[in-house]
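Read through the structure below, which is laid out as structure tokens, and then see the notes.
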Amino acid sequence: VQAFEPNPRVFQVLKLNAALVDNVVTNNVGLGSERKKVSLGFSRNNIGEAKVIDQNELIKDEKKIIIDINIERIDDYIKKYISYMKNIY
């Protein structure tokens, strides 16, 4: 199982949970249609509540933490790391 989490704080929780089982590989990256760096905004009180922020929304809000995260192309990731993928419809 490959698990993805681009938010570094939430990724630490994911790693702790994934360590409880043998078949999970954690990845501190987001996946998308193109490789890029984006801004992620999340609440100081709820780090699980996050969204990618458009450049027009980058007004600094005291209630939000804004960080840059990496997005990798899902196609590149599949070619590099996955030899078999099952589609479930």
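Ordering of the structure tokens sets the chain letters (A, B, ...); residue numbers start at 1 within each chain; ligands are numbered from 1 in the order shown.
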
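Look at region 28-38 of chain A: the protein and nucleic acid residues within 8 Å of it, using only C-alpha atoms and passing over chain neighbours fewer than 2 places away, are A:Phe4, A:Glu5, A:Pro6, A:Asn7, A:Pro8, A:Phe11, A:Thr26, A:Leu40, A:Val52, A:Ile53, A:Asp68, A:Ile69, A:Asn70, A:Ile71, A:Glu72, A:Arg73, A:Ile74, A:Asp75.
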
**OP:** Enumerate, as JSON, numbers by chain, the complete set of residues in chain A that a backbone-based DSSP assignment places in alpha helix (DSSP H).
**Re:** {"A": [8, 9, 10, 11, 12, 13, 14, 15, 16, 17, 18, 74, 75, 76, 77, 78, 79, 80, 81]}

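Proximity to Gly48 (chain A) was assessed for A:Val13, A:Val24, A:Ile67, A:Ala19 counting only C-alpha atoms; the smallest distance is recorded for A:Val13.
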
Subject >> Å distance separating CA of Asp76 (chain A) from CA of Gln2 (chain A), one decimal place >> reply: 14.4 Å

**OP:** Would you mind telling me which residue in A:Ile66, A:Lys79, A:Asp54, A:Ile47 lies nearest to Arg9 (chain A) when using only C-alpha atoms?
**Re:**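 Under the stated criterion, the closest residue is A:Ile47.
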
Among region 5-63 of chain A, which residues does DSSP mark as strand (DSSP E or B) when it is run on the backbone? Keep the chain and numbering as in the structure and answer as a tab-separated table (two decimals) with C-alpha atoms, in the first residue's frame.
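Output contents, as saved in states38.tsv:
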```
chain	number	residue	atom	x	y	z
A	25	VAL	CA	4.93	2.81	2.35
A	26	THR	CA	4.50	6.49	3.20
A	27	ASN	CA	5.22	9.33	0.77
A	30	GLY	CA	0.99	15.14	-3.21
A	31	LEU	CA	-0.03	13.69	-6.55
A	32	GLY	CA	-1.50	15.52	-9.50
A	36	LYS	CA	4.83	21.65	-9.39
A	37	LYS	CA	5.12	23.41	-6.07
A	38	VAL	CA	1.89	24.77	-4.60
A	39	SER	CA	0.84	26.62	-1.46
A	40	LEU	CA	-1.15	24.69	1.11
A	41	GLY	CA	-3.19	26.55	3.70
A	42	PHE	CA	-4.51	24.96	6.88
A	43	SER	CA	-6.02	26.02	10.17
A	50	ALA	CA	-6.19	21.93	4.36
A	51	LYS	CA	-6.52	23.10	0.78
A	52	VAL	CA	-4.30	24.20	-2.05
A	53	ILE	CA	-4.38	27.97	-2.20
```
